[in-house]
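Text of work-v4.txt (compact mmCIF, C-alpha atoms) as supplied:
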# COMPACT_ATOMS: atom_id res chain seq x y z
CA GLU A 1 204.74 -37.45 3.91
CA PHE A 2 203.52 -34.97 1.30
CA PRO A 3 200.27 -34.42 3.21
CA ALA A 4 202.38 -33.65 6.30
CA ILE A 5 204.46 -31.17 4.32
CA ALA A 6 201.30 -29.55 2.98
CA ALA A 7 199.90 -29.34 6.52
CA THR A 8 203.03 -27.57 7.78
CA ALA A 9 202.85 -25.17 4.86
CA ARG A 10 199.24 -24.40 5.78
CA GLU A 11 200.34 -23.87 9.41
CA SER A 12 202.91 -21.36 8.19
CA LEU A 13 200.31 -19.48 6.19
CA THR A 14 197.97 -19.44 9.17
CA GLU A 15 200.73 -18.06 11.37
CA MET A 16 201.54 -15.38 8.80
CA ARG A 17 197.87 -14.42 8.71
CA ARG A 18 197.89 -14.18 12.51
CA LEU A 19 200.98 -11.99 12.38
CA LEU A 20 199.43 -9.74 9.76
CA GLY A 21 196.19 -9.65 11.76
CA ALA A 22 198.11 -8.61 14.87
CA LEU A 23 199.86 -5.88 12.93
CA ARG A 24 196.50 -4.68 11.58
CA GLY A 25 194.77 -4.95 14.94
CA THR A 26 192.45 -7.80 13.90
CA ASP A 27 192.70 -11.57 13.93
CA GLY A 28 192.51 -11.79 10.15
CA THR A 29 188.89 -12.92 10.20
CA GLY A 30 187.40 -9.56 11.11
CA ALA A 31 186.20 -10.94 14.46
CA GLY A 32 188.95 -9.22 16.47
CA GLY A 33 189.49 -12.14 18.87
CA GLY A 34 192.56 -13.90 17.53
CA GLU A 35 193.67 -17.45 18.27
CA ARG A 36 195.40 -18.29 21.52
CA ALA A 37 196.75 -21.72 20.55
CA PRO A 38 200.37 -22.46 21.56
CA GLN A 39 202.79 -21.78 18.75
CA PRO A 40 205.71 -24.05 17.82
CA GLY A 41 209.23 -23.10 18.73
CA LEU A 42 212.76 -24.41 18.68
CA GLY A 43 211.76 -27.20 21.05
CA GLU A 44 209.82 -28.77 18.17
CA VAL A 45 212.62 -28.62 15.59
CA GLU A 46 213.54 -32.25 16.24
CA ARG A 47 209.97 -33.33 15.38
CA LEU A 48 210.12 -31.22 12.22
CA VAL A 49 213.41 -32.87 11.20
CA GLU A 50 211.97 -36.34 11.86
CA ALA A 51 209.06 -35.58 9.49
CA THR A 52 211.53 -34.39 6.85
CA VAL A 53 213.55 -37.60 7.20
CA ARG A 54 210.33 -39.60 6.73
CA ALA A 55 209.81 -37.60 3.52
CA GLY A 56 213.07 -39.05 2.18
CA VAL A 57 215.54 -36.29 3.00
CA PRO A 58 218.50 -37.36 5.16
CA VAL A 59 218.94 -34.65 7.81
CA GLU A 60 221.66 -34.23 10.42
CA LEU A 61 220.49 -32.07 13.36
CA SER A 62 222.48 -30.12 15.93
CA VAL A 63 220.67 -28.00 18.54
CA GLU A 64 222.57 -26.05 21.20
CA LEU A 65 220.23 -23.76 23.10
CA GLY A 66 221.73 -21.62 25.83
CA PRO A 67 220.34 -21.35 29.34
CA ALA A 68 218.57 -18.03 28.67
CA PRO A 69 215.04 -18.43 27.31
CA VAL A 70 214.52 -17.40 23.71
CA PRO A 71 211.86 -14.65 23.38
CA GLY A 72 208.56 -15.98 21.99
CA ALA A 73 208.59 -14.09 18.70
CA VAL A 74 212.19 -15.13 18.02
CA ASP A 75 211.45 -18.74 19.02
CA LEU A 76 208.48 -18.95 16.63
CA SER A 77 210.26 -17.18 13.78
CA ALA A 78 213.36 -19.37 14.08
CA TYR A 79 211.15 -22.48 13.97
CA ARG A 80 209.31 -21.15 10.89
CA VAL A 81 212.57 -20.35 9.10
CA VAL A 82 213.86 -23.88 9.71
CA GLN A 83 210.48 -25.26 8.60
CA GLU A 84 210.47 -23.27 5.36
CA ALA A 85 214.11 -24.10 4.63
CA LEU A 86 213.41 -27.82 5.02
CA ALA A 87 210.29 -27.52 2.87
CA ASN A 88 212.45 -25.86 0.20
CA VAL A 89 214.92 -28.75 0.34
CA VAL A 90 212.09 -31.27 -0.08
CA ARG A 91 210.65 -29.28 -3.02
CA HIS A 92 213.79 -28.24 -4.85
CA ALA A 93 216.46 -30.80 -3.89
CA PRO A 94 214.60 -34.01 -3.05
CA GLY A 95 216.80 -36.56 -1.31
CA ALA A 96 219.68 -34.12 -0.76
CA ALA A 97 221.71 -34.64 2.39
CA THR A 98 220.92 -31.73 4.70
CA ARG A 99 222.44 -30.31 7.86
CA VAL A 100 220.43 -28.21 10.34
CA SER A 101 222.30 -26.42 13.12
CA VAL A 102 220.45 -24.23 15.61
CA ALA A 103 222.12 -22.38 18.47
CA SER A 104 221.14 -19.66 20.89
CA ASP A 105 222.93 -17.52 23.43
CA ARG A 106 222.33 -14.18 25.12
CA THR A 107 222.81 -12.30 21.86
CA GLY A 108 220.29 -14.23 19.75
CA VAL A 109 219.57 -17.31 17.71
CA SER A 110 221.39 -18.62 14.67
CA ALA A 111 220.09 -21.28 12.31
CA LEU A 112 222.16 -22.79 9.55
CA ILE A 113 220.46 -25.04 7.02
CA VAL A 114 222.72 -26.42 4.30
CA ASN A 115 221.79 -29.01 1.72
CA ALA A 116 223.79 -30.83 -0.90
CA PRO A 117 222.63 -30.87 -4.51
CA ALA A 118 219.58 -33.04 -5.22
CA ALA A 119 220.26 -36.75 -4.82
CA ALA A 120 219.03 -37.46 -8.34
CA PRO A 121 218.96 -35.07 -11.29
CA GLY A 122 215.52 -34.07 -12.40
CA ALA A 123 212.79 -31.54 -11.99
CA PRO A 124 211.85 -30.24 -8.54
CA LEU A 125 208.82 -31.88 -6.95
CA GLU A 126 206.76 -28.71 -7.20
CA THR A 127 206.77 -27.32 -10.70
CA GLY A 128 203.40 -25.58 -10.63
CA ALA A 129 202.57 -22.04 -9.59
CA SER A 130 204.18 -20.95 -6.34
CA THR A 131 203.22 -18.20 -3.92
CA GLY A 132 206.77 -16.88 -4.15
CA HIS A 133 206.87 -16.06 -0.43
CA GLY A 134 209.39 -18.69 0.75
CA LEU A 135 212.67 -16.78 0.90
CA VAL A 136 210.92 -13.42 0.95
CA GLY A 137 208.79 -14.50 3.90
CA MET A 138 211.82 -15.82 5.77
CA ARG A 139 213.72 -12.57 5.18
CA GLU A 140 210.76 -10.50 6.37
CA ARG A 141 210.33 -12.59 9.53
CA VAL A 142 214.01 -12.29 10.38
CA ARG A 143 214.23 -8.59 9.50
CA LEU A 144 211.22 -7.76 11.71
CA LEU A 145 213.22 -9.13 14.64
CA GLY A 146 216.42 -7.27 13.77
CA GLY A 147 218.21 -10.25 12.23
CA THR A 148 219.65 -11.14 8.87
CA LEU A 149 219.14 -14.04 6.47
CA ASP A 150 221.54 -15.19 3.78
CA ALA A 151 220.42 -17.71 1.15
CA GLY A 152 221.98 -18.96 -2.03
CA PRO A 153 223.99 -21.69 -3.69
CA LEU A 154 227.33 -22.84 -2.38
CA PRO A 155 230.28 -23.37 -4.73
CA ASP A 156 229.59 -27.14 -4.90
CA GLY A 157 225.99 -26.57 -5.94
Starting from the file, give its structure as structure tokens.
Amino acid sequence: EFPAIAATARESLTEMRRLLGALRGTDGTGAGGGERAPQPGLGEVERLVEATVRAGVPVELSVELGPAPVPGAVDLSAYRVVQEALANVVRHAPGAATRVSVASDRTGVSALIVNAPAAAPGAPLETGASTGHGLVGMRERVRLLGGTLDAGPLPDG
């Protein structure tokens, strides 16, 4: 499952490059064309959770999407936030029981990702150099769409 996790991390970086390219008026390669491939959204969260479960993290999923369609940028950003949060659980709390709740209504989308402490004490899986963009990237994505993101430990760890 680690290759799958690495692939999703690369997808996230590619998407961020696309976003930055769009903001700069280029596709990030200097060619100016941009990619037109379909982007993931909340409809693919179940598949993302299944991959995380295969990686050894027990995940409980609840998705309640309202009848109104979620705007594309919000749909993609919500998916990426859930993806990064689950990647953080795999990296920093391997084996921790995790709950993912996603809901939408006319006012917006909310995603709640809560994990227990790591199943076994020890070092996180990734101890090498990090890009440091995980939480920062999630906050920036959410802020660009007028939302908020809260992250941090709960009283039980």
Could you list, as an MDAnalysis selection string, every residue within 12 Å of range 56-61 of chain A, counting only C-alpha atoms and ignoring same-chain residues fewer than 3 positions away? chainID A and resid 1:2 5 45:53 64 82 86:103 111:120
How many Å separate CA of Val63 in chain A from CA of Pro155 in chain A? 25.6 Å
Taking 5 positions as the minimum chain separation for residues in the same chain, which residues sit within 9 Å of Glu15 in chain A when counting all atoms listed in the file? Answer as a ChimeraX atom specification. /A:10,20,39
Once you have the residues from the selection above, write them out as a PDB file, in the frame of the given file, restricted to C-alpha atoms.
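Generated output (part33.pdb):
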ATOM      1  CA  ARG A  10     199.240 -24.400   5.780  1.00  0.00           C
ATOM      2  CA  LEU A  20     199.430  -9.740   9.760  1.00  0.00           C
ATOM      3  CA  GLN A  39     202.790 -21.780  18.750  1.00  0.00           C
TER       4      GLN A  39
END
Which residues come within 10 Å of range 146-149 of chain A, counting all atoms listed in the file, excluding same-chain residues fewer than 2 positions away, as an MDAnalysis selection string? chainID A and resid 74 81 108:112 135:136 138:144 151
Interatomic distance between CA of Ser104 in chain A and CA of Pro38 in chain A? 21.0 Å
Fewer than 6 positions away in the same chain doesn't count, so skip those; otherwise give me all residues within 8 Å of Leu42 in chain A, counting all atoms listed in the file, as an MDAnalysis selection string. chainID A and resid 75:76 78:79
Work out how far CA of Ala9 in chain A is from CA of Gly152 in chain A, in Å to one decimal.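 Pair CA of Gly152 in chain A / CA of Ala9 in chain A returns 21.3 Å.
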Please work out which residues fall within 9 Å of (217.9, -17.6, 26.2), coordinates as given in the file, with all atoms listed in the file counting, and return them as a count of residues only. 13
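Ranking A:Gly157, A:Pro3, A:Gly21, A:Gly41 by their shortest atom-to-atom distance to Gln83 in chain A, with all atoms listed in the file included, puts A:Gly41 first.
Of the residues listed (A:Asp156, A:Arg17, A:Pro40, A:Ala55), A:Pro40 shows the shortest atom-to-atom separation from Arg80 in chain A; distances use all atoms listed in the file.
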